[in-house]
>>> print(open('coords-v1.cif').read())   # mmCIF, C-alpha atoms; chains and numbers go by the auth columns
data_work
#
loop_
_atom_site.group_PDB
_atom_site.id
_atom_site.type_symbol
_atom_site.label_atom_id
_atom_site.label_comp_id
_atom_site.label_asym_id
_atom_site.label_seq_id
_atom_site.Cartn_x
_atom_site.Cartn_y
_atom_site.Cartn_z
_atom_site.B_iso_or_equiv
_atom_site.auth_seq_id
_atom_site.auth_asym_id
ATOM 1 C CA MET A 1 19.626 -3.451 -3.400 0.00 130 X
ATOM 2 C CA LYS A 2 16.425 -5.432 -3.572 0.00 131 X
ATOM 3 C CA LYS A 3 13.694 -4.711 -1.077 0.00 132 X
ATOM 4 C CA LEU A 4 11.149 -7.303 -0.101 0.00 133 X
ATOM 5 C CA TYR A 5 7.739 -6.416 1.295 0.00 134 X
ATOM 6 C CA LEU A 6 5.428 -9.046 2.685 0.00 135 X
ATOM 7 C CA LEU A 7 1.748 -9.049 3.479 0.00 136 X
ATOM 8 C CA LEU A 8 -0.571 -11.935 4.076 0.00 137 X
ATOM 9 C CA PHE A 9 -3.956 -11.416 2.540 0.00 138 X
ATOM 10 C CA VAL A 10 -6.558 -13.879 3.717 0.00 139 X
ATOM 11 C CA VAL A 11 -9.236 -14.927 1.299 0.00 140 X
ATOM 12 C CA LEU A 12 -11.399 -17.795 2.393 0.00 141 X
ATOM 13 C CA LEU A 13 -11.603 -19.878 -0.741 0.00 142 X
ATOM 14 C CA GLY A 14 -11.369 -23.326 0.730 0.00 143 X
ATOM 15 C CA CYS A 15 -8.370 -25.338 -0.298 0.00 144 X
ATOM 16 C CA GLY A 16 -7.231 -23.758 -3.544 0.00 145 X
ATOM 17 C CA SER A 17 -6.228 -26.275 -6.173 0.00 146 X
ATOM 18 C CA LYS A 18 -4.408 -23.831 -8.475 0.00 147 X
ATOM 19 C CA ALA A 19 -1.926 -21.022 -8.134 0.00 148 X
ATOM 20 C CA PRO A 20 -3.639 -17.622 -7.924 0.00 149 X
ATOM 21 C CA LYS A 21 -3.256 -15.664 -11.149 0.00 150 X
ATOM 22 C CA CYS A 22 -1.056 -12.584 -11.274 0.00 151 X
ATOM 23 C CA GLU A 23 -3.978 -10.452 -12.472 0.00 152 X
ATOM 24 C CA GLU A 24 -6.516 -11.908 -10.015 0.00 153 X
ATOM 25 C CA ASP A 25 -8.384 -9.117 -8.189 0.00 154 X
ATOM 26 C CA ASP A 26 -7.362 -10.334 -4.726 0.00 155 X
ATOM 27 C CA THR A 27 -3.716 -10.506 -5.784 0.00 156 X
ATOM 28 C CA VAL A 28 -3.692 -7.049 -7.383 0.00 157 X
ATOM 29 C CA GLU A 29 -5.482 -5.475 -4.404 0.00 158 X
ATOM 30 C CA THR A 30 -2.951 -7.046 -2.055 0.00 159 X
ATOM 31 C CA VAL A 31 -0.066 -5.646 -4.110 0.00 160 X
ATOM 32 C CA LYS A 32 -1.736 -2.200 -3.891 0.00 161 X
ATOM 33 C CA GLU A 33 -2.086 -2.549 -0.109 0.00 162 X
ATOM 34 C CA ILE A 34 1.584 -3.453 0.225 0.00 163 X
ATOM 35 C CA MET A 35 2.606 -0.494 -1.911 0.00 164 X
ATOM 36 C CA PHE A 36 0.322 1.818 0.081 0.00 165 X
ATOM 37 C CA GLU A 37 2.246 0.825 3.201 0.00 166 X
ATOM 38 C CA VAL A 38 5.561 1.362 1.421 0.00 167 X
ATOM 39 C CA TYR A 39 4.525 4.809 0.131 0.00 168 X
ATOM 40 C CA GLN A 40 2.636 5.983 3.223 0.00 169 X
ATOM 41 C CA GLY A 41 5.214 8.771 3.723 0.00 170 X
ATOM 42 C CA ASP A 42 4.232 10.242 0.356 0.00 171 X
ATOM 43 C CA VAL A 43 0.546 9.901 1.241 0.00 172 X
ATOM 44 C CA HIS A 44 1.238 11.664 4.554 0.00 173 X
ATOM 45 C CA TYR A 45 2.975 14.555 2.794 0.00 174 X
ATOM 46 C CA ASN A 46 0.126 14.891 0.265 0.00 175 X
ATOM 47 C CA ILE A 47 -2.539 14.963 2.986 0.00 176 X
ATOM 48 C CA MET A 48 -0.623 17.438 5.156 0.00 177 X
ATOM 49 C CA SER A 49 -0.146 19.683 2.110 0.00 178 X
ATOM 50 C CA GLU A 50 -3.841 19.473 1.265 0.00 179 X
ATOM 51 C CA LEU A 51 -5.022 20.184 4.817 0.00 180 X
ATOM 52 C CA TYR A 52 -2.472 22.783 5.904 0.00 181 X
ATOM 53 C CA GLY A 53 -1.077 24.155 2.635 0.00 182 X
ATOM 54 C CA THR A 54 1.925 26.433 2.896 0.00 183 X
ATOM 55 C CA ASP A 55 1.885 26.287 6.721 0.00 184 X
ATOM 56 C CA PHE A 56 3.076 22.716 6.280 0.00 185 X
ATOM 57 C CA THR A 57 5.039 22.798 3.025 0.00 186 X
ATOM 58 C CA ASN A 58 7.098 25.850 4.021 0.00 187 X
ATOM 59 C CA ASN A 59 7.991 24.283 7.384 0.00 188 X
ATOM 60 C CA ALA A 60 8.138 20.556 6.561 0.00 189 X
ATOM 61 C CA SER A 61 11.925 20.424 6.890 0.00 190 X
ATOM 62 C CA SER A 62 11.852 22.031 10.342 0.00 191 X
ATOM 63 C CA LEU A 63 8.948 20.184 11.972 0.00 192 X
ATOM 64 C CA LEU A 64 11.066 19.280 14.983 0.00 193 X
ATOM 65 C CA ALA A 65 11.713 22.933 15.863 0.00 194 X
ATOM 66 C CA PRO A 66 9.950 23.984 19.111 0.00 195 X
ATOM 67 C CA SER A 67 8.022 26.683 17.239 0.00 196 X
ATOM 68 C CA ASN A 68 6.408 23.968 15.087 0.00 197 X
ATOM 69 C CA GLU A 69 5.055 21.822 17.916 0.00 198 X
ATOM 70 C CA SER A 70 1.456 22.332 16.798 0.00 199 X
ATOM 71 C CA MET A 71 2.252 21.265 13.212 0.00 200 X
ATOM 72 C CA LEU A 72 4.301 18.334 14.499 0.00 201 X
ATOM 73 C CA ASN A 73 1.291 17.162 16.535 0.00 202 X
ATOM 74 C CA LYS A 74 -0.953 17.489 13.469 0.00 203 X
ATOM 75 C CA SER A 75 1.607 15.578 11.421 0.00 204 X
ATOM 76 C CA GLN A 76 1.717 12.734 13.942 0.00 205 X
ATOM 77 C CA GLU A 77 -2.074 12.664 14.065 0.00 206 X
ATOM 78 C CA ILE A 78 -2.227 12.225 10.262 0.00 207 X
ATOM 79 C CA ARG A 79 0.389 9.439 10.488 0.00 208 X
ATOM 80 C CA ASN A 80 -1.807 7.726 13.063 0.00 209 X
ATOM 81 C CA TYR A 81 -4.872 8.033 10.818 0.00 210 X
ATOM 82 C CA ILE A 82 -2.951 6.512 7.894 0.00 211 X
ATOM 83 C CA LYS A 83 -1.879 3.615 10.137 0.00 212 X
ATOM 84 C CA MET A 84 -5.505 3.141 11.230 0.00 213 X
ATOM 85 C CA TYR A 85 -6.545 3.063 7.555 0.00 214 X
ATOM 86 C CA ILE A 86 -3.900 0.442 6.787 0.00 215 X
ATOM 87 C CA ASP A 87 -5.159 -1.599 9.754 0.00 216 X
ATOM 88 C CA ALA A 88 -8.774 -1.224 8.460 0.00 217 X
ATOM 89 C CA ASP A 89 -9.779 0.659 11.621 0.00 218 X
ATOM 90 C CA ILE A 90 -11.437 3.665 9.983 0.00 219 X
ATOM 91 C CA LYS A 91 -14.329 4.386 12.341 0.00 220 X
ATOM 92 C CA SER A 92 -12.573 7.186 14.237 0.00 221 X
ATOM 93 C CA ILE A 93 -10.824 8.820 11.263 0.00 222 X
ATOM 94 C CA PRO A 94 -12.434 12.212 10.540 0.00 223 X
ATOM 95 C CA ASN A 95 -14.317 12.154 7.221 0.00 224 X
ATOM 96 C CA GLU A 96 -12.194 14.907 5.659 0.00 225 X
ATOM 97 C CA VAL A 97 -8.989 12.976 6.407 0.00 226 X
ATOM 98 C CA LEU A 98 -10.491 9.629 5.373 0.00 227 X
ATOM 99 C CA ASP A 99 -11.595 11.120 2.048 0.00 228 X
ATOM 100 C CA LEU A 100 -8.039 12.355 1.406 0.00 229 X
ATOM 101 C CA ILE A 101 -6.534 8.988 2.327 0.00 230 X
ATOM 102 C CA VAL A 102 -8.942 7.153 0.012 0.00 231 X
ATOM 103 C CA GLU A 103 -8.301 9.700 -2.759 0.00 232 X
ATOM 104 C CA ASN A 104 -4.550 9.070 -2.446 0.00 233 X
ATOM 105 C CA HIS A 105 -5.054 5.292 -2.317 0.00 234 X
ATOM 106 C CA LYS A 106 -7.051 5.399 -5.560 0.00 235 X
ATOM 107 C CA LYS A 107 -3.998 6.882 -7.303 0.00 236 X
ATOM 108 C CA PHE A 108 -2.152 3.578 -6.777 0.00 237 X
ATOM 109 C CA ILE A 109 -2.456 1.782 -10.116 0.00 238 X
ATOM 110 C CA ILE A 110 -1.081 -1.596 -11.160 0.00 239 X
ATOM 111 C CA THR A 111 -0.757 -2.066 -14.945 0.00 240 X
ATOM 112 C CA ASN A 112 1.098 -4.180 -17.453 0.00 241 X
ATOM 113 C CA ILE A 113 0.678 -7.339 -15.348 0.00 242 X
ATOM 114 C CA ARG A 114 2.724 -10.271 -16.620 0.00 243 X
ATOM 115 C CA THR A 115 2.994 -13.882 -15.539 0.00 244 X
ATOM 116 C CA ASN A 116 6.648 -14.929 -15.544 0.00 245 X
ATOM 117 C CA SER A 117 6.198 -18.485 -14.301 0.00 246 X
ATOM 118 C CA ILE A 118 3.681 -20.800 -12.662 0.00 247 X
ATOM 119 C CA ASP A 119 4.557 -23.548 -10.200 0.00 248 X
ATOM 120 C CA GLU A 120 1.548 -25.825 -9.686 0.00 249 X
ATOM 121 C CA THR A 121 3.388 -27.856 -7.032 0.00 250 X
ATOM 122 C CA SER A 122 3.796 -24.868 -4.712 0.00 251 X
ATOM 123 C CA LYS A 123 0.628 -23.211 -6.076 0.00 252 X
ATOM 124 C CA SER A 124 2.534 -20.016 -6.840 0.00 253 X
ATOM 125 C CA CYS A 125 3.026 -17.544 -9.686 0.00 254 X
ATOM 126 C CA GLU A 126 6.002 -15.286 -10.320 0.00 255 X
ATOM 127 C CA CYS A 127 4.706 -11.986 -11.686 0.00 256 X
ATOM 128 C CA SER A 128 5.838 -8.597 -12.942 0.00 257 X
ATOM 129 C CA ALA A 129 3.859 -5.382 -13.213 0.00 258 X
ATOM 130 C CA THR A 130 4.144 -1.633 -13.472 0.00 259 X
ATOM 131 C CA PHE A 131 3.150 0.326 -10.359 0.00 260 X
ATOM 132 C CA LYS A 132 2.065 3.919 -10.927 0.00 261 X
ATOM 133 C CA ILE A 133 1.557 6.679 -8.403 0.00 262 X
ATOM 134 C CA ASP A 134 3.466 9.836 -9.355 0.00 263 X
ATOM 135 C CA ASN A 135 5.998 7.872 -11.360 0.00 264 X
ATOM 136 C CA GLU A 136 6.305 4.308 -12.631 0.00 265 X
ATOM 137 C CA VAL A 137 8.099 1.526 -10.766 0.00 266 X
ATOM 138 C CA GLU A 138 8.600 -1.995 -12.068 0.00 267 X
ATOM 139 C CA LEU A 139 7.620 -4.642 -9.512 0.00 268 X
ATOM 140 C CA ASN A 140 8.164 -8.350 -9.244 0.00 269 X
ATOM 141 C CA TYR A 141 5.869 -10.269 -6.983 0.00 270 X
ATOM 142 C CA THR A 142 4.935 -13.797 -6.087 0.00 271 X
ATOM 143 C CA THR A 143 1.405 -14.858 -5.328 0.00 272 X
ATOM 144 C CA GLN A 144 0.693 -18.189 -3.710 0.00 273 X
ATOM 145 C CA ARG A 145 -2.046 -20.151 -1.975 0.00 274 X
ATOM 146 C CA ASN A 146 -1.304 -21.845 1.278 0.00 275 X
ATOM 147 C CA SER A 147 -2.855 -25.159 2.314 0.00 276 X
ATOM 148 C CA ASP A 148 -5.884 -23.298 3.704 0.00 277 X
ATOM 149 C CA GLY A 149 -6.520 -21.584 0.355 0.00 278 X
ATOM 150 C CA GLU A 150 -5.392 -18.163 1.597 0.00 279 X
ATOM 151 C CA ILE A 151 -3.504 -15.871 -0.771 0.00 280 X
ATOM 152 C CA TYR A 152 -0.002 -14.830 0.227 0.00 281 X
ATOM 153 C CA VAL A 153 1.812 -12.110 -1.741 0.00 282 X
ATOM 154 C CA GLU A 154 5.479 -11.081 -1.638 0.00 283 X
ATOM 155 C CA VAL A 155 6.519 -7.906 -3.467 0.00 284 X
ATOM 156 C CA GLU A 156 10.090 -7.281 -4.563 0.00 285 X
ATOM 157 C CA ARG A 157 11.172 -4.163 -6.384 0.00 286 X
#
>>> encode(input="coords-v1.cif", output="structure tokens")
Amino acid sequence: MKKLYLLLFVVLLGCGSKAPKCEEDDTVETVKEIMFEVYQGDVHYNIMSELYGTDFTNNASSLLAPSNESMLNKSQEIRNYIKMYIDADIKSIPNEVLDLIVENHKKFIITNIRTNSIDETSKSCECSATFKIDNEVELNYTTQRNSDGEIYVEVER
């Protein structure tokens, strides 16, 4: 089953006359942002493990048990901080948590970028790449400029 993830990334470039390139920085960063949203559960687990160690990892499967209410609250708080990071609202994220989120985000690597096709009429490129975090995933994505010159990226994997 194919999954499609969408994110509009606005870059004020005026009216773009060409399709954005697959390896263009704005395109690659947008693909990373989309994948960060997709893999935020893994990021959450990593941060909880780092902050709370075995208290979390030994009880992760039973977080909903009444005896784990404190850990469940901490877990939800970390989820909220990750959402704030995704929404670029980082001012109230504690530094320790923000550092862990950024550290996890830096692990998201896009390599082996390939241009499959270019459509100058629609100002779009069909692309493929390898996404690495803990393992490798092959991605297909489309990058396109709209009439305002903004970059729009769709990721399919």
>>> residues_near_point(input="coords-v1.cif", point="(3.7, -3.3, -9.9)", cutoff="10 Å", atoms="all atoms listed in the file", output="PDB file with C-alpha atoms, in the coordinates of the input")
ATOM      1  CA  VAL X 157      -3.692  -7.049  -7.383  1.00  0.00           C
ATOM      2  CA  VAL X 160      -0.066  -5.646  -4.110  1.00  0.00           C
ATOM      3  CA  LYS X 161      -1.736  -2.200  -3.891  1.00  0.00           C
ATOM      4  CA  MET X 164       2.606  -0.494  -1.911  1.00  0.00           C
ATOM      5  CA  PHE X 237      -2.152   3.578  -6.777  1.00  0.00           C
ATOM      6  CA  ILE X 238      -2.456   1.782 -10.116  1.00  0.00           C
ATOM      7  CA  ILE X 239      -1.081  -1.596 -11.160  1.00  0.00           C
ATOM      8  CA  THR X 240      -0.757  -2.066 -14.945  1.00  0.00           C
ATOM      9  CA  ASN X 241       1.098  -4.180 -17.453  1.00  0.00           C
ATOM     10  CA  ILE X 242       0.678  -7.339 -15.348  1.00  0.00           C
ATOM     11  CA  ARG X 243       2.724 -10.271 -16.620  1.00  0.00           C
ATOM     12  CA  CYS X 256       4.706 -11.986 -11.686  1.00  0.00           C
ATOM     13  CA  SER X 257       5.838  -8.597 -12.942  1.00  0.00           C
ATOM     14  CA  ALA X 258       3.859  -5.382 -13.213  1.00  0.00           C
ATOM     15  CA  THR X 259       4.144  -1.633 -13.472  1.00  0.00           C
ATOM     16  CA  PHE X 260       3.150   0.326 -10.359  1.00  0.00           C
ATOM     17  CA  LYS X 261       2.065   3.919 -10.927  1.00  0.00           C
ATOM     18  CA  GLU X 265       6.305   4.308 -12.631  1.00  0.00           C
ATOM     19  CA  VAL X 266       8.099   1.526 -10.766  1.00  0.00           C
ATOM     20  CA  GLU X 267       8.600  -1.995 -12.068  1.00  0.00           C
ATOM     21  CA  LEU X 268       7.620  -4.642  -9.512  1.00  0.00           C
ATOM     22  CA  ASN X 269       8.164  -8.350  -9.244  1.00  0.00           C
ATOM     23  CA  TYR X 270       5.869 -10.269  -6.983  1.00  0.00           C
ATOM     24  CA  VAL X 284       6.519  -7.906  -3.467  1.00  0.00           C
ATOM     25  CA  GLU X 285      10.090  -7.281  -4.563  1.00  0.00           C
ATOM     26  CA  ARG X 286      11.172  -4.163  -6.384  1.00  0.00           C
TER      27      ARG X 286
END
>>> atom_distance(input="coords-v1.cif", atom1="atom CA of Gln205 of chain X", atom2="atom CA of Lys236 of chain X")
22.8 Å
>>> residues_near_point(input="coords-v1.cif", point="(-5.0, 16.1, 6.2)", cutoff="9 Å", atoms="only C-alpha atoms", output="list of chain:residue names")
X:His173, X:Tyr174, X:Asn175, X:Ile176, X:Met177, X:Ser178, X:Glu179, X:Leu180, X:Tyr181, X:Lys203, X:Ser204, X:Ile207, X:Glu225, X:Val226, X:Leu227, X:Leu229, X:Ile230
>>> closest_residue(input="coords-v1.cif", among="X:Tyr168, X:Gly182, X:Tyr281, X:Asn202", to="Asn264 of chain X", atoms="all atoms listed in the file")
X:Tyr168
>>> closest_residue(input="coords-v1.cif", among="X:Ser276, X:Thr159, X:Thr271, X:Ser221", to="Asp248 of chain X", atoms="all atoms listed in the file")
X:Thr271
>>> closest_residue(input="coords-v1.cif", among="X:Thr156, X:Asn233, X:Thr250, X:Ser199", to="Ile280 of chain X", atoms="all atoms listed in the file")
X:Thr156
>>> residues_around(input="coords-v1.cif", residues="Ser251 of chain X", least_positions_apart="2", cutoff="9 Å", atoms="all atoms listed in the file", output="PyMOL selection string")
chain X and resi 148+247-249+253-254+273-275
>>> residues_around(input="coords-v1.cif", residues="Asp216 of chain X", least_positions_apart="6", cutoff="12 Å", atoms="all atoms listed in the file", output="PyMOL selection string")
chain X and resi 136+162-163+165-166+209-210+222
>>> atom_distance(input="coords-v1.cif", atom1="atom CA of Gly278 of chain X", atom2="atom CA of Lys147 of chain X")
9.4 Å
>>> atom_distance(input="coords-v1.cif", atom1="atom CA of Asn245 of chain X", atom2="atom CA of Cys151 of chain X")
9.1 Å
>>> closest_residue(input="coords-v1.cif", among="X:Asp218, X:Lys212, X:Glu232, X:Phe185", to="Ile262 of chain X", atoms="all atoms listed in the file")
X:Glu232
>>> axis_aligned_box(input="coords-v1.cif", around="segment 146-151 of chain X", padding_each_side="3 Å", output="JSON")
{"center_x": -3.6, "center_y": -19.4, "center_z": -8.7, "size_x": 11.2, "size_y": 19.7, "size_z": 11.1}
>>> closest_residue(input="coords-v1.cif", among="X:Asn224, X:Gly170, X:His234, X:Ser246", to="Arg208 of chain X", atoms="only C-alpha atoms")
X:Gly170
>>> decode(input="coords-v1.cif", residues="segment 211-261 of chain X", atoms="C-alpha atoms", output="mmCIF file, in the first residue's frame")
data_model
loop_
_atom_site.group_PDB
_atom_site.id
_atom_site.type_symbol
_atom_site.label_atom_id
_atom_site.label_comp_id
_atom_site.auth_asym_id
_atom_site.auth_seq_id
_atom_site.Cartn_x
_atom_site.Cartn_y
_atom_site.Cartn_z
ATOM 1 C CA ILE X 211 7.580 17.436 19.367
ATOM 2 C CA LYS X 212 4.385 18.894 17.873
ATOM 3 C CA MET X 213 5.518 22.390 18.902
ATOM 4 C CA TYR X 214 8.876 21.743 17.200
ATOM 5 C CA ILE X 215 7.127 20.619 14.016
ATOM 6 C CA ASP X 216 4.996 23.780 14.152
ATOM 7 C CA ALA X 217 8.185 25.892 14.656
ATOM 8 C CA ASP X 218 6.949 27.063 18.069
ATOM 9 C CA ILE X 219 10.061 26.255 20.101
ATOM 10 C CA LYS X 220 10.174 29.124 22.592
ATOM 11 C CA SER X 221 8.572 27.191 25.458
ATOM 12 C CA ILE X 222 10.301 23.840 24.866
ATOM 13 C CA PRO X 223 12.810 23.183 27.675
ATOM 14 C CA ASN X 224 16.394 23.328 26.372
ATOM 15 C CA GLU X 225 17.178 19.726 27.338
ATOM 16 C CA VAL X 226 14.168 18.453 25.369
ATOM 17 C CA LEU X 227 14.806 20.799 22.434
ATOM 18 C CA ASP X 228 18.412 19.596 22.220
ATOM 19 C CA LEU X 229 17.209 15.975 22.066
ATOM 20 C CA ILE X 230 14.618 16.783 19.403
ATOM 21 C CA VAL X 231 17.209 18.593 17.273
ATOM 22 C CA GLU X 232 19.704 15.752 17.801
ATOM 23 C CA ASN X 233 17.101 13.257 16.552
ATOM 24 C CA HIS X 234 16.150 15.503 13.621
ATOM 25 C CA LYS X 235 19.792 15.690 12.520
ATOM 26 C CA LYS X 236 19.789 11.895 12.125
ATOM 27 C CA PHE X 237 17.318 12.246 9.231
ATOM 28 C CA ILE X 238 19.474 11.981 6.109
ATOM 29 C CA ILE X 239 18.441 12.095 2.460
ATOM 30 C CA THR X 240 20.972 10.528 0.054
ATOM 31 C CA ASN X 241 21.151 9.070 -3.417
ATOM 32 C CA ILE X 242 18.845 11.760 -4.843
ATOM 33 C CA ARG X 243 17.731 11.046 -8.400
ATOM 34 C CA THR X 244 15.662 12.997 -10.888
ATOM 35 C CA ASN X 245 13.228 10.647 -12.621
ATOM 36 C CA SER X 246 11.471 13.199 -14.811
ATOM 37 C CA ILE X 247 10.990 16.931 -15.283
ATOM 38 C CA ASP X 248 7.787 18.560 -16.495
ATOM 39 C CA GLU X 249 8.454 22.200 -17.396
ATOM 40 C CA THR X 250 4.764 22.814 -18.147
ATOM 41 C CA SER X 251 3.680 22.014 -14.589
ATOM 42 C CA LYS X 252 7.051 23.138 -13.170
ATOM 43 C CA SER X 253 7.493 19.819 -11.378
ATOM 44 C CA CYS X 254 10.108 17.100 -10.915
ATOM 45 C CA GLU X 255 9.545 13.446 -10.083
ATOM 46 C CA CYS X 256 12.331 12.327 -7.754
ATOM 47 C CA SER X 257 13.651 9.318 -5.871
ATOM 48 C CA ALA X 258 15.980 9.216 -2.888
ATOM 49 C CA THR X 259 17.146 7.101 0.005
ATOM 50 C CA PHE X 260 15.964 8.208 3.454
ATOM 51 C CA LYS X 261 18.113 7.109 6.383
#
